[in-house]
$ cat work-v3.csv   # CSV, C-alpha atoms
chain,number,residue,atom,x,y,z
A,271,MET,CA,-33.0,60.0,39.9
A,272,LYS,CA,-33.2,57.2,42.5
A,273,GLY,CA,-31.4,54.2,41.3
A,274,HIS,CA,-28.9,56.1,39.1
A,275,PRO,CA,-25.6,54.2,39.3
A,276,LEU,CA,-23.6,57.3,40.3
A,277,ARG,CA,-26.1,58.2,43.0
A,278,ASN,CA,-26.0,54.6,44.3
A,279,GLN,CA,-22.2,54.7,44.5
A,280,ILE,CA,-22.1,58.1,46.2
A,281,GLU,CA,-24.8,57.1,48.7
A,282,GLU,CA,-22.8,54.1,49.8
A,283,ILE,CA,-20.6,56.8,51.4
A,284,VAL,CA,-22.7,60.0,51.9
A,285,LYS,CA,-26.5,60.6,51.6
A,286,LEU,CA,-27.7,63.1,49.0
A,287,THR,CA,-31.1,64.9,48.6
A,288,ASP,CA,-32.7,64.7,45.1
A,289,ASP,CA,-31.7,68.4,44.6
A,290,GLU,CA,-28.1,67.7,45.6
A,291,PHE,CA,-27.8,64.8,43.2
A,292,VAL,CA,-29.2,67.0,40.4
A,293,PHE,CA,-26.6,69.5,41.3
A,294,VAL,CA,-23.8,66.8,41.3
A,295,LEU,CA,-24.9,65.5,37.9
A,296,GLU,CA,-24.7,69.0,36.4
A,297,HIS,CA,-21.0,68.8,36.8
A,298,PHE,CA,-20.7,65.7,34.6
A,299,GLN,CA,-21.2,65.3,30.8
A,300,LYS,CA,-22.6,62.2,29.2
A,301,ARG,CA,-20.2,60.5,26.8
A,302,ILE,CA,-20.7,57.7,24.3
A,303,PHE,CA,-17.8,55.8,22.9
A,304,LYS,CA,-17.5,53.0,20.3
A,305,LYS,CA,-15.6,49.7,20.9
A,306,HIS,CA,-11.8,50.3,20.1
A,307,GLN,CA,-12.2,54.0,20.4
A,308,ILE,CA,-9.2,55.7,22.0
A,309,VAL,CA,-10.5,58.1,24.6
A,310,LEU,CA,-7.1,59.4,25.7
A,311,HIS,CA,-3.9,59.2,23.6
A,312,GLU,CA,-0.5,59.0,25.2
A,313,GLY,CA,1.0,62.5,25.0
A,314,ASP,CA,-2.3,64.3,25.3
A,315,TYR,CA,-3.7,66.1,28.4
A,316,ALA,CA,-6.1,64.1,30.4
A,317,ARG,CA,-9.0,66.4,30.6
A,318,TYR,CA,-11.5,64.0,32.1
A,319,ASP,CA,-12.1,61.4,34.8
A,320,TYR,CA,-14.7,58.9,33.6
A,321,PHE,CA,-17.4,57.1,35.6
A,322,VAL,CA,-18.5,54.1,33.5
A,323,LEU,CA,-22.2,53.6,33.2
A,324,ASN,CA,-21.9,50.6,30.9
A,325,GLY,CA,-19.3,49.0,28.7
A,326,LEU,CA,-15.6,48.5,29.4
A,327,MET,CA,-12.6,50.8,29.3
A,328,ARG,CA,-8.9,50.2,29.9
A,329,VAL,CA,-5.8,52.1,30.9
A,330,SER,CA,-2.5,50.8,29.5
A,331,ARG,CA,1.1,51.7,28.7
A,332,TRP,CA,3.2,50.6,25.8
A,333,ASP,CA,6.8,50.1,27.0
A,334,SER,CA,10.0,50.8,25.0
A,335,ASN,CA,10.0,47.1,23.7
A,336,GLY,CA,6.5,47.6,22.2
A,337,LYS,CA,4.9,45.5,24.9
A,338,GLU,CA,1.5,46.5,26.3
A,339,HIS,CA,0.9,46.6,30.1
A,340,ILE,CA,-2.7,47.0,31.4
A,341,LEU,CA,-2.8,49.1,34.5
A,342,GLN,CA,-6.6,49.1,35.0
A,343,PHE,CA,-9.9,48.0,33.6
A,344,GLY,CA,-13.0,50.1,34.1
A,345,MET,CA,-16.3,48.3,33.9
A,346,GLU,CA,-19.7,49.4,35.2
A,347,ASN,CA,-19.4,51.8,38.2
A,348,TRP,CA,-15.6,52.2,37.9
A,349,TRP,CA,-13.7,55.5,37.7
A,350,ILE,CA,-11.0,55.5,35.0
A,351,THR,CA,-8.4,57.9,33.7
A,352,ASP,CA,-4.7,58.5,33.7
A,353,ALA,CA,-4.8,59.6,37.3
A,354,GLU,CA,-1.4,61.3,37.2
A,355,ALA,CA,-2.0,63.3,34.0
A,356,PHE,CA,-5.6,64.2,35.2
A,357,HIS,CA,-4.7,65.4,38.7
A,358,TYR,CA,-1.4,67.1,37.8
A,359,GLN,CA,-2.7,68.4,34.5
A,360,ILE,CA,0.3,67.1,32.6
A,361,LYS,CA,0.6,65.1,29.4
A,362,SER,CA,-0.5,61.5,29.6
A,363,THR,CA,2.0,58.6,29.6
A,364,LEU,CA,-0.9,56.1,29.3
A,365,THR,CA,-3.6,55.3,26.8
A,366,VAL,CA,-7.3,55.0,27.7
A,367,ASP,CA,-9.4,53.1,25.2
A,368,CYS,CA,-12.7,51.2,25.0
A,369,LEU,CA,-12.9,47.4,24.8
A,370,GLU,CA,-16.7,47.5,24.3
A,371,ASP,CA,-19.2,50.2,23.3
A,372,THR,CA,-19.2,52.4,26.4
A,373,LYS,CA,-21.4,55.0,28.0
A,374,ALA,CA,-19.7,57.1,30.7
A,375,LEU,CA,-20.0,60.3,32.6
A,376,SER,CA,-17.0,62.6,32.3
A,377,LEU,CA,-15.8,65.0,35.0
A,378,THR,CA,-13.1,67.7,34.6
A,379,LEU,CA,-10.7,68.4,37.4
A,380,GLU,CA,-12.1,72.0,37.6
A,381,ASN,CA,-15.6,70.5,38.2
A,382,LYS,CA,-14.3,67.9,40.6
A,383,GLU,CA,-12.7,70.7,42.7
A,384,LYS,CA,-15.8,72.9,42.4
A,385,LEU,CA,-18.0,70.1,43.5
A,386,SER,CA,-15.7,69.3,46.4
A,387,HIS,CA,-15.8,72.9,47.5
A,388,GLU,CA,-19.5,73.6,47.0
A,389,LEU,CA,-20.6,70.3,48.6
A,390,PRO,CA,-18.0,69.1,51.1
A,391,LYS,CA,-19.7,65.8,51.4
A,392,MET,CA,-18.7,65.1,47.8
A,393,GLN,CA,-15.1,65.8,48.9
A,394,ASN,CA,-15.7,63.2,51.6
A,395,PHE,CA,-17.0,60.8,48.9
A,396,PHE,CA,-13.9,61.4,46.7
A,397,LEU,CA,-11.6,60.9,49.7
A,398,LYS,CA,-13.2,57.6,50.6
A,399,LYS,CA,-13.1,56.4,47.0
A,400,THR,CA,-9.5,57.4,46.6
A,401,THR,CA,-8.5,55.7,49.9
A,402,ASN,CA,-10.2,52.5,48.8
A,403,GLY,CA,-8.3,52.7,45.5
A,404,TYR,CA,-5.1,53.3,47.4
A,405,ILE,CA,-5.7,50.2,49.6
A,406,ALA,CA,-6.5,48.1,46.5
A,407,LEU,CA,-3.2,49.1,44.8
A,408,GLN,CA,-1.3,48.2,48.0
A,409,LYS,CA,-2.8,44.8,47.8
A,410,ARG,CA,-1.8,44.4,44.2
A,411,ILE,CA,1.8,45.4,45.1
A,412,LEU,CA,1.9,42.9,47.9
A,413,CYS,CA,0.9,40.2,45.4
A,414,PHE,CA,3.7,41.3,43.1
A,415,LEU,CA,6.2,41.3,46.0
A,416,SER,CA,5.3,37.8,47.0
A,417,SER,CA,5.5,36.8,43.3
A,418,ASN,CA,2.3,35.0,43.8
A,419,ALA,CA,0.5,35.0,40.4
A,420,ASN,CA,-2.3,32.9,41.9
A,421,ASP,CA,-3.1,35.6,44.5
A,422,ARG,CA,-3.0,38.2,41.7
A,423,TYR,CA,-5.4,36.1,39.6
A,424,HIS,CA,-7.8,35.7,42.6
A,425,ASN,CA,-7.5,39.4,43.3
A,426,LEU,CA,-8.6,40.1,39.7
A,427,LEU,CA,-11.5,37.7,39.9
A,428,SER,CA,-12.8,39.4,43.0
A,429,ILE,CA,-12.4,43.0,42.0
A,430,TYR,CA,-13.6,42.5,38.4
A,431,PRO,CA,-16.5,40.0,38.5
A,432,GLY,CA,-17.3,38.7,35.1
A,433,LEU,CA,-14.3,40.4,33.4
A,434,ILE,CA,-12.6,37.2,32.2
A,435,GLN,CA,-15.7,36.4,30.1
A,436,ARG,CA,-15.5,39.8,28.5
A,437,VAL,CA,-11.9,40.2,27.4
A,438,PRO,CA,-9.3,38.1,25.6
A,439,LYS,CA,-6.9,36.0,27.8
A,440,ALA,CA,-3.9,38.0,26.6
A,441,MET,CA,-5.3,41.1,28.3
A,442,ILE,CA,-5.8,39.3,31.6
A,443,ALA,CA,-2.2,38.1,31.3
A,444,SER,CA,-1.1,41.7,30.6
A,445,TYR,CA,-2.9,43.0,33.7
A,446,LEU,CA,-1.4,40.3,35.9
A,447,GLY,CA,2.1,40.6,34.5
A,448,VAL,CA,2.2,36.9,33.6
A,449,THR,CA,2.6,34.9,30.4
A,450,ARG,CA,-0.3,33.3,28.6
A,451,GLU,CA,1.0,29.9,29.7
A,452,THR,CA,1.0,30.9,33.4
A,453,LEU,CA,-2.5,32.3,33.0
A,454,SER,CA,-3.7,29.0,31.5
A,455,ARG,CA,-2.3,27.2,34.4
A,456,LEU,CA,-4.0,29.5,36.9
A,457,ALA,CA,-7.3,29.3,35.1
A,458,LYS,CA,-7.1,25.4,35.1
A,459,ILE,CA,-6.4,25.3,38.9
A,460,GLU,CA,-9.5,27.5,39.3
A,461,ALA,CA,-11.8,25.4,37.0
B,608,MET,CA,4.5,77.0,65.0
B,609,LYS,CA,5.8,78.3,61.7
B,610,GLY,CA,8.3,75.8,60.3
B,611,HIS,CA,6.6,72.8,62.0
B,612,PRO,CA,7.1,69.9,59.5
B,613,LEU,CA,3.4,68.9,59.6
B,614,ARG,CA,2.4,72.5,59.0
B,615,ASN,CA,4.8,72.8,56.1
B,616,GLN,CA,3.4,69.7,54.5
B,617,ILE,CA,-0.3,70.9,55.0
B,618,GLU,CA,0.6,74.3,53.7
B,619,GLU,CA,2.0,72.9,50.4
B,620,ILE,CA,-1.7,72.2,49.8
B,621,VAL,CA,-3.9,74.5,51.9
B,622,LYS,CA,-3.1,77.6,53.9
B,623,LEU,CA,-3.7,77.6,57.7
B,624,THR,CA,-3.8,80.4,60.2
B,625,ASP,CA,-1.8,79.9,63.4
B,626,ASP,CA,-5.0,79.2,65.3
B,627,GLU,CA,-6.1,76.6,62.8
B,628,PHE,CA,-2.7,74.8,63.0
B,629,VAL,CA,-3.0,74.7,66.8
B,630,PHE,CA,-6.4,73.2,66.4
B,631,VAL,CA,-5.1,70.6,63.9
B,632,LEU,CA,-2.2,69.7,66.2
B,633,GLU,CA,-4.7,69.1,69.1
B,634,HIS,CA,-5.9,66.0,67.1
B,635,PHE,CA,-2.5,64.4,67.2
B,636,GLN,CA,-0.5,62.7,69.9
B,637,LYS,CA,3.3,62.8,70.1
B,638,ARG,CA,4.9,59.4,70.1
B,639,ILE,CA,8.5,58.2,70.7
B,640,PHE,CA,9.6,54.8,69.6
B,641,LYS,CA,12.9,52.9,70.0
B,642,LYS,CA,14.8,51.3,67.1
B,643,HIS,CA,13.4,47.8,66.5
B,644,GLN,CA,10.2,48.6,68.3
B,645,ILE,CA,7.1,47.1,66.8
B,646,VAL,CA,4.4,49.8,66.6
B,647,LEU,CA,1.7,47.6,65.0
B,648,HIS,CA,1.6,43.8,65.3
B,649,GLU,CA,0.0,41.7,62.6
B,650,GLY,CA,-3.4,40.6,63.9
B,651,ASP,CA,-3.9,43.8,66.0
B,652,TYR,CA,-6.2,46.7,65.2
B,653,ALA,CA,-4.5,49.6,63.6
B,654,ARG,CA,-5.6,52.5,65.8
B,655,TYR,CA,-3.2,55.1,64.4
B,656,ASP,CA,-1.9,56.7,61.2
B,657,TYR,CA,1.6,58.1,61.9
B,658,PHE,CA,3.3,61.2,60.6
B,659,VAL,CA,7.0,60.7,61.0
B,660,LEU,CA,8.8,63.7,62.5
B,661,ASN,CA,12.2,62.0,62.5
B,662,GLY,CA,13.5,58.5,62.3
B,663,LEU,CA,12.4,55.6,60.0
B,664,MET,CA,9.5,53.2,60.1
B,665,ARG,CA,8.5,50.4,57.8
B,666,VAL,CA,5.4,48.4,56.9
B,667,SER,CA,5.9,44.8,55.9
B,668,ARG,CA,4.3,41.4,55.5
B,669,TRP,CA,5.6,38.0,56.3
B,670,ASP,CA,4.3,35.5,53.6
B,671,SER,CA,3.5,31.9,54.2
B,672,ASN,CA,7.0,30.9,53.3
B,673,GLY,CA,8.5,33.0,56.1
B,674,LYS,CA,9.7,35.6,53.6
B,675,GLU,CA,9.4,39.3,54.5
B,676,HIS,CA,8.1,41.8,51.9
B,677,ILE,CA,8.4,45.5,52.5
B,678,LEU,CA,5.4,47.5,51.4
B,679,GLN,CA,6.6,50.9,52.5
B,680,PHE,CA,9.2,52.9,54.3
B,681,GLY,CA,8.3,56.0,56.3
B,682,MET,CA,11.0,58.5,56.8
B,683,GLU,CA,10.7,62.2,57.8
B,684,ASN,CA,7.4,63.7,56.6
B,685,TRP,CA,5.9,60.4,55.5
B,686,TRP,CA,2.6,59.0,56.7
B,687,ILE,CA,2.7,55.4,57.6
B,688,THR,CA,0.3,52.7,58.8
B,689,ASP,CA,-1.5,49.6,57.6
B,690,ALA,CA,-3.9,51.7,55.5
B,691,GLU,CA,-6.5,48.9,55.1
B,692,ALA,CA,-6.6,48.0,58.8
B,693,PHE,CA,-6.7,51.7,59.8
B,694,HIS,CA,-9.4,52.9,57.4
B,695,TYR,CA,-11.6,49.8,57.7
B,696,GLN,CA,-11.0,49.3,61.4
B,697,ILE,CA,-10.1,45.7,60.9
B,698,LYS,CA,-7.3,43.5,62.1
B,699,SER,CA,-3.9,44.2,60.6
B,700,THR,CA,-2.3,41.8,58.1
B,701,LEU,CA,0.9,43.9,58.1
B,702,THR,CA,3.6,44.8,60.7
B,703,VAL,CA,4.8,48.3,61.4
B,704,ASP,CA,8.1,48.7,63.1
B,705,CYS,CA,10.9,51.2,63.5
B,706,LEU,CA,14.3,50.9,61.8
B,707,GLU,CA,15.7,53.8,63.8
B,708,ASP,CA,14.7,55.7,67.0
B,709,THR,CA,11.6,57.5,65.8
B,710,LYS,CA,9.5,60.5,66.8
B,711,ALA,CA,6.1,60.6,65.2
B,712,LEU,CA,2.6,62.2,65.5
B,713,SER,CA,-0.2,59.7,65.7
B,714,LEU,CA,-3.8,60.3,64.5
B,715,THR,CA,-6.8,58.1,65.2
B,716,LEU,CA,-9.4,57.6,62.4
B,717,GLU,CA,-11.9,59.3,64.6
B,718,ASN,CA,-9.8,62.4,64.9
B,719,LYS,CA,-9.0,62.3,61.2
B,720,GLU,CA,-12.7,62.3,60.4
B,721,LYS,CA,-13.4,64.9,63.0
B,722,LEU,CA,-10.7,67.2,61.6
B,723,SER,CA,-12.0,66.7,58.1
B,724,HIS,CA,-15.5,67.6,59.2
B,725,GLU,CA,-14.6,70.6,61.3
B,726,LEU,CA,-12.0,72.0,58.9
B,727,PRO,CA,-13.0,71.0,55.3
B,728,LYS,CA,-9.6,72.3,54.0
B,729,MET,CA,-8.0,69.5,56.0
B,730,GLN,CA,-10.2,67.1,54.1
B,731,ASN,CA,-8.9,68.7,51.0
B,732,PHE,CA,-5.4,68.1,52.3
B,733,PHE,CA,-6.1,64.4,53.0
B,734,LEU,CA,-7.7,64.0,49.6
B,735,LYS,CA,-4.7,65.5,47.8
B,736,LYS,CA,-2.2,63.4,49.8
B,737,THR,CA,-4.1,60.2,49.2
B,738,THR,CA,-4.4,61.0,45.5
B,739,ASN,CA,-0.6,61.6,45.4
B,740,GLY,CA,-0.1,58.3,47.2
B,741,TYR,CA,-2.5,56.5,44.7
B,742,ILE,CA,-0.5,57.9,41.8
B,743,ALA,CA,2.8,56.8,43.3
B,744,LEU,CA,1.4,53.2,43.8
B,745,GLN,CA,0.2,53.1,40.1
B,746,LYS,CA,3.8,54.0,39.1
B,747,ARG,CA,5.2,51.2,41.2
B,748,ILE,CA,2.7,48.8,39.7
B,749,LEU,CA,3.7,49.8,36.1
B,750,CYS,CA,7.3,49.2,37.1
B,751,PHE,CA,6.3,45.7,38.2
B,752,LEU,CA,4.3,45.0,35.0
B,753,SER,CA,7.2,45.9,32.8
B,754,SER,CA,9.5,43.8,35.0
B,755,ASN,CA,11.9,46.6,35.0
B,756,ALA,CA,13.9,46.4,38.2
B,757,ASN,CA,16.1,49.3,37.1
B,758,ASP,CA,13.0,51.6,36.9
B,759,ARG,CA,11.9,50.3,40.3
B,760,TYR,CA,15.3,51.1,41.8
B,761,HIS,CA,15.3,54.6,40.3
B,762,ASN,CA,11.8,55.1,41.5
B,763,LEU,CA,13.0,54.2,45.1
B,764,LEU,CA,16.0,56.6,44.8
B,765,SER,CA,13.7,59.4,43.9
B,766,ILE,CA,11.0,58.9,46.4
B,767,TYR,CA,13.2,58.0,49.4
B,768,PRO,CA,16.3,60.3,49.1
B,769,GLY,CA,19.1,59.0,51.3
B,770,LEU,CA,17.3,55.8,52.3
B,771,ILE,CA,19.9,53.5,50.8
B,772,GLN,CA,22.4,54.9,53.3
B,773,ARG,CA,20.1,54.2,56.2
B,774,VAL,CA,19.0,50.6,55.8
B,775,PRO,CA,20.6,47.2,55.0
B,776,LYS,CA,20.7,46.2,51.3
B,777,ALA,CA,18.4,43.2,52.0
B,778,MET,CA,15.6,45.6,52.9
B,779,ILE,CA,16.0,47.6,49.7
B,780,ALA,CA,15.8,44.2,47.8
B,781,SER,CA,12.7,43.2,49.8
B,782,TYR,CA,11.0,46.5,48.9
B,783,LEU,CA,11.9,46.2,45.2
B,784,GLY,CA,11.0,42.5,45.0
B,785,VAL,CA,14.4,41.5,43.7
B,786,THR,CA,17.2,39.3,44.9
B,787,ARG,CA,20.3,40.8,46.6
B,788,GLU,CA,22.3,39.9,43.5
B,789,THR,CA,20.0,41.9,41.2
B,790,LEU,CA,20.2,44.8,43.6
B,791,SER,CA,24.0,44.7,43.5
B,792,ARG,CA,23.9,44.8,39.8
B,793,LEU,CA,21.5,47.8,39.8
B,794,ALA,CA,23.6,49.7,42.3
B,795,LYS,CA,26.7,49.1,40.2
B,796,ILE,CA,25.1,50.5,37.1
B,797,GLU,CA,24.1,53.5,39.2
B,798,ALA,CA,27.6,54.1,40.7

$ encode --input "work-v3.csv" --output "structure tokens"
Amino acid sequence: MKGHPLRNQIEEIVKLTDDEFVFVLEHFQKRIFKKHQIVLHEGDYARYDYFVLNGLMRVSRWDSNGKEHILQFGMENWWITDAEAFHYQIKSTLTVDCLEDTKALSLTLENKEKLSHELPKMQNFFLKKTTNGYIALQKRILCFLSSNANDRYHNLLSIYPGLIQRVPKAMIASYLGVTRETLSRLAKIEA
Amino acid sequence: MKGHPLRNQIEEIVKLTDDEFVFVLEHFQKRIFKKHQIVLHEGDYARYDYFVLNGLMRVSRWDSNGKEHILQFGMENWWITDAEAFHYQIKSTLTVDCLEDTKALSLTLENKEKLSHELPKMQNFFLKKTTNGYIALQKRILCFLSSNANDRYHNLLSIYPGLIQRVPKAMIASYLGVTRETLSRLAKIEA
């Protein structure tokens, strides 16, 4: 079990014994998805949070003009779901799909809460991960407020290493909230 | 101690006995700030997270063009700090100041962690609050991605009731990332 990507991530924050990690893992289910598979449809309940083992997932919203906005990518070692629908157990306003064949571990809210209760250091892990996520979103908002697409582009390069080689340019533009033309300009400055 | 705003907020998530709340409160310090007082200067370490009892605080960043961007307001019952500098114990890139005379409770990171450890239900409280904050930031990002200033304005009205009566229009525009002219147009649609 040493070297398991989930264990590695947890142990960056709290240490686990082998038995504890086996116990943690019992709360997850292994999932295999195909490229293009929709894992959560808008309007459905979000039963799972996903920890990506390998592959690439995405959370997006279609606006009323039929335009797609990408809220998040989830590559190896990322957690991904419609956070609002998952935590409040309401119908999803977002879509989660796979951009590559993907292996993931799924966790229900019930099991997340059970795990947090039975092993308080897992609650500590979830708190630290959520805090890191909160801070990352604040940075993304500050980039929007300063209308600095260049900062947003560099932010993406640093948090998703290798992503731009794995997805079409249009998706990167959609995540950044810029046009394809602006993205080409940013990528040229970088090259 | 019944009816204390911090206790009310905690008890929306976890129940506390009177003794437990006294114990919680011992981890906080009462702070009184004047209008315009800078509570955290850019470049300083963020020693405290603040729970606002009454008054109004703000977190903002000055960009390289000398333009101010407001990341967050903190009115009654809000938590406010430079989250990155506070949690990672690094120098602040943001400024926290008071827009009104303000009473707040301050919490150090050390006391936050002590409290989480000694009373795991407080860790549960912090996890739920951080998760709610994370979800709120995702919504704000989706509003930016769809370039829908009207949604952003309504989002602000719903999360900060009464705020627009308490601060100059320019600050609302700075929070929304729009010009004063756009804001006037939005406010007119609303009226």

$ residues_around --input "work-v3.csv" --residues "Glu282 (chain A)" --least-positions-apart "4" --cutoff "9 Å" --atoms "all atoms listed in the file" --output "list of chain:residue names"
A:Arg277, A:Asn278, A:Phe395

$ atom_distance --input "work-v3.csv" --atom1 "CA of His643 (chain B)" --atom2 "CA of Thr737 (chain B)"
27.6 Å

$ closest_atom_pairs --input "work-v3.csv" --of "chain B" --to "chain A" --cutoff "7 Å" --atoms "only C-alpha atoms" --output "CSV"
residue,atom,partner,partner_atom,distance
B:His676,CA,A:Leu415,CA,6.2
B:Leu678,CA,A:Leu412,CA,6.8
B:Ala690,CA,A:Ile405,CA,6.3
B:Glu691,CA,A:Ile405,CA,5.7
B:Pro727,CA,A:Pro390,CA,6.8
B:Leu734,CA,A:Leu397,CA,5.0
B:Thr737,CA,A:Thr401,CA,6.3
B:Thr738,CA,A:Thr400,CA,6.3
B:Tyr741,CA,A:Tyr404,CA,4.9
B:Ile742,CA,A:Glu354,CA,5.8
B:Leu744,CA,A:Leu407,CA,6.2
B:Ile748,CA,A:Ile411,CA,6.4
B:Leu749,CA,A:Leu341,CA,6.7
B:Leu752,CA,A:Gly447,CA,4.9
B:Ser753,CA,A:His339,CA,6.9
B:Gly784,CA,A:Leu415,CA,5.0

$ atom_distance --input "work-v3.csv" --atom1 "CA of Leu701 (chain B)" --atom2 "CA of Asp651 (chain B)"
9.2 Å

$ residues_around --input "work-v3.csv" --residues "Thr287 (chain A)" --least-positions-apart "2" --cutoff "12 Å" --atoms "only C-alpha atoms" --output "ChimeraX atom specification"
/A:271-272,277,280-281,284-285,289-294,389,391

$ atom_distance --input "work-v3.csv" --atom1 "CA of Glu451 (chain A)" --atom2 "CA of Ile429 (chain A)"
22.4 Å

$ decode --input "work-v3.csv" --residues "region 744-751 of chain B" --atoms "all heavy atoms" --output "PDB file, in the first residue's frame"
ATOM      1  N   LEU B 744     -16.911  30.628  -3.646  1.00  0.00           N
ATOM      2  CA  LEU B 744     -15.908  31.144  -4.581  1.00  0.00           C
ATOM      3  C   LEU B 744     -16.079  30.509  -5.963  1.00  0.00           C
ATOM      4  O   LEU B 744     -15.888  31.175  -6.987  1.00  0.00           O
ATOM      5  CB  LEU B 744     -14.485  30.885  -4.055  1.00  0.00           C
ATOM      6  CG  LEU B 744     -14.065  31.642  -2.797  1.00  0.00           C
ATOM      7  CD1 LEU B 744     -12.604  31.366  -2.480  1.00  0.00           C
ATOM      8  CD2 LEU B 744     -14.286  33.149  -2.930  1.00  0.00           C
ATOM      9  N   GLN B 745     -16.449  29.231  -6.011  1.00  0.00           N
ATOM     10  CA  GLN B 745     -16.703  28.596  -7.310  1.00  0.00           C
ATOM     11  C   GLN B 745     -17.824  29.325  -8.045  1.00  0.00           C
ATOM     12  O   GLN B 745     -17.747  29.552  -9.253  1.00  0.00           O
ATOM     13  CB  GLN B 745     -17.098  27.129  -7.112  1.00  0.00           C
ATOM     14  CG  GLN B 745     -15.917  26.218  -6.858  1.00  0.00           C
ATOM     15  CD  GLN B 745     -16.245  24.749  -7.106  1.00  0.00           C
ATOM     16  OE1 GLN B 745     -17.389  24.335  -6.984  1.00  0.00           O
ATOM     17  NE2 GLN B 745     -15.238  23.970  -7.437  1.00  0.00           N
ATOM     18  N   LYS B 746     -18.864  29.700  -7.292  1.00  0.00           N
ATOM     19  CA  LYS B 746     -19.982  30.422  -7.929  1.00  0.00           C
ATOM     20  C   LYS B 746     -19.516  31.765  -8.480  1.00  0.00           C
ATOM     21  O   LYS B 746     -19.934  32.188  -9.557  1.00  0.00           O
ATOM     22  CB  LYS B 746     -21.105  30.655  -6.917  1.00  0.00           C
ATOM     23  CG  LYS B 746     -21.866  29.413  -6.579  1.00  0.00           C
ATOM     24  CD  LYS B 746     -23.036  29.771  -5.683  1.00  0.00           C
ATOM     25  CE  LYS B 746     -23.892  28.545  -5.456  1.00  0.00           C
ATOM     26  NZ  LYS B 746     -25.109  28.857  -4.705  1.00  0.00           N
ATOM     27  N   ARG B 747     -18.652  32.436  -7.697  1.00  0.00           N
ATOM     28  CA  ARG B 747     -18.157  33.746  -8.152  1.00  0.00           C
ATOM     29  C   ARG B 747     -17.332  33.561  -9.427  1.00  0.00           C
ATOM     30  O   ARG B 747     -17.424  34.362 -10.360  1.00  0.00           O
ATOM     31  CB  ARG B 747     -17.333  34.385  -7.028  1.00  0.00           C
ATOM     32  CG  ARG B 747     -17.063  35.863  -7.226  1.00  0.00           C
ATOM     33  CD  ARG B 747     -16.606  36.498  -5.932  1.00  0.00           C
ATOM     34  NE  ARG B 747     -15.970  37.793  -6.132  1.00  0.00           N
ATOM     35  CZ  ARG B 747     -15.102  38.330  -5.283  1.00  0.00           C
ATOM     36  NH1 ARG B 747     -14.776  37.694  -4.165  1.00  0.00           N
ATOM     37  NH2 ARG B 747     -14.576  39.523  -5.537  1.00  0.00           N
ATOM     38  N   ILE B 748     -16.536  32.481  -9.491  1.00  0.00           N
ATOM     39  CA  ILE B 748     -15.734  32.221 -10.694  1.00  0.00           C
ATOM     40  C   ILE B 748     -16.631  31.931 -11.893  1.00  0.00           C
ATOM     41  O   ILE B 748     -16.393  32.435 -12.995  1.00  0.00           O
ATOM     42  CB  ILE B 748     -14.733  31.074 -10.441  1.00  0.00           C
ATOM     43  CG1 ILE B 748     -13.595  31.603  -9.560  1.00  0.00           C
ATOM     44  CG2 ILE B 748     -14.182  30.505 -11.745  1.00  0.00           C
ATOM     45  CD1 ILE B 748     -12.648  30.564  -9.056  1.00  0.00           C
ATOM     46  N   LEU B 749     -17.678  31.145 -11.674  1.00  0.00           N
ATOM     47  CA  LEU B 749     -18.601  30.858 -12.789  1.00  0.00           C
ATOM     48  C   LEU B 749     -19.228  32.139 -13.325  1.00  0.00           C
ATOM     49  O   LEU B 749     -19.431  32.281 -14.530  1.00  0.00           O
ATOM     50  CB  LEU B 749     -19.678  29.856 -12.349  1.00  0.00           C
ATOM     51  CG  LEU B 749     -19.191  28.409 -12.289  1.00  0.00           C
ATOM     52  CD1 LEU B 749     -20.155  27.530 -11.502  1.00  0.00           C
ATOM     53  CD2 LEU B 749     -18.977  27.835 -13.701  1.00  0.00           C
ATOM     54  N   CYS B 750     -19.527  33.084 -12.421  1.00  0.00           N
ATOM     55  CA  CYS B 750     -20.062  34.384 -12.872  1.00  0.00           C
ATOM     56  C   CYS B 750     -19.023  35.140 -13.711  1.00  0.00           C
ATOM     57  O   CYS B 750     -19.378  35.804 -14.678  1.00  0.00           O
ATOM     58  CB  CYS B 750     -20.468  35.254 -11.688  1.00  0.00           C
ATOM     59  SG  CYS B 750     -21.940  34.696 -10.831  1.00  0.00           S
ATOM     60  N   PHE B 751     -17.749  35.034 -13.323  1.00  0.00           N
ATOM     61  CA  PHE B 751     -16.704  35.682 -14.126  1.00  0.00           C
ATOM     62  C   PHE B 751     -16.580  35.012 -15.486  1.00  0.00           C
ATOM     63  O   PHE B 751     -16.462  35.677 -16.511  1.00  0.00           O
ATOM     64  CB  PHE B 751     -15.341  35.628 -13.415  1.00  0.00           C
ATOM     65  CG  PHE B 751     -15.122  36.731 -12.423  1.00  0.00           C
ATOM     66  CD1 PHE B 751     -15.099  36.475 -11.073  1.00  0.00           C
ATOM     67  CD2 PHE B 751     -14.941  38.038 -12.855  1.00  0.00           C
ATOM     68  CE1 PHE B 751     -14.901  37.494 -10.157  1.00  0.00           C
ATOM     69  CE2 PHE B 751     -14.737  39.064 -11.955  1.00  0.00           C
ATOM     70  CZ  PHE B 751     -14.724  38.793 -10.589  1.00  0.00           C
TER      71      PHE B 751
END
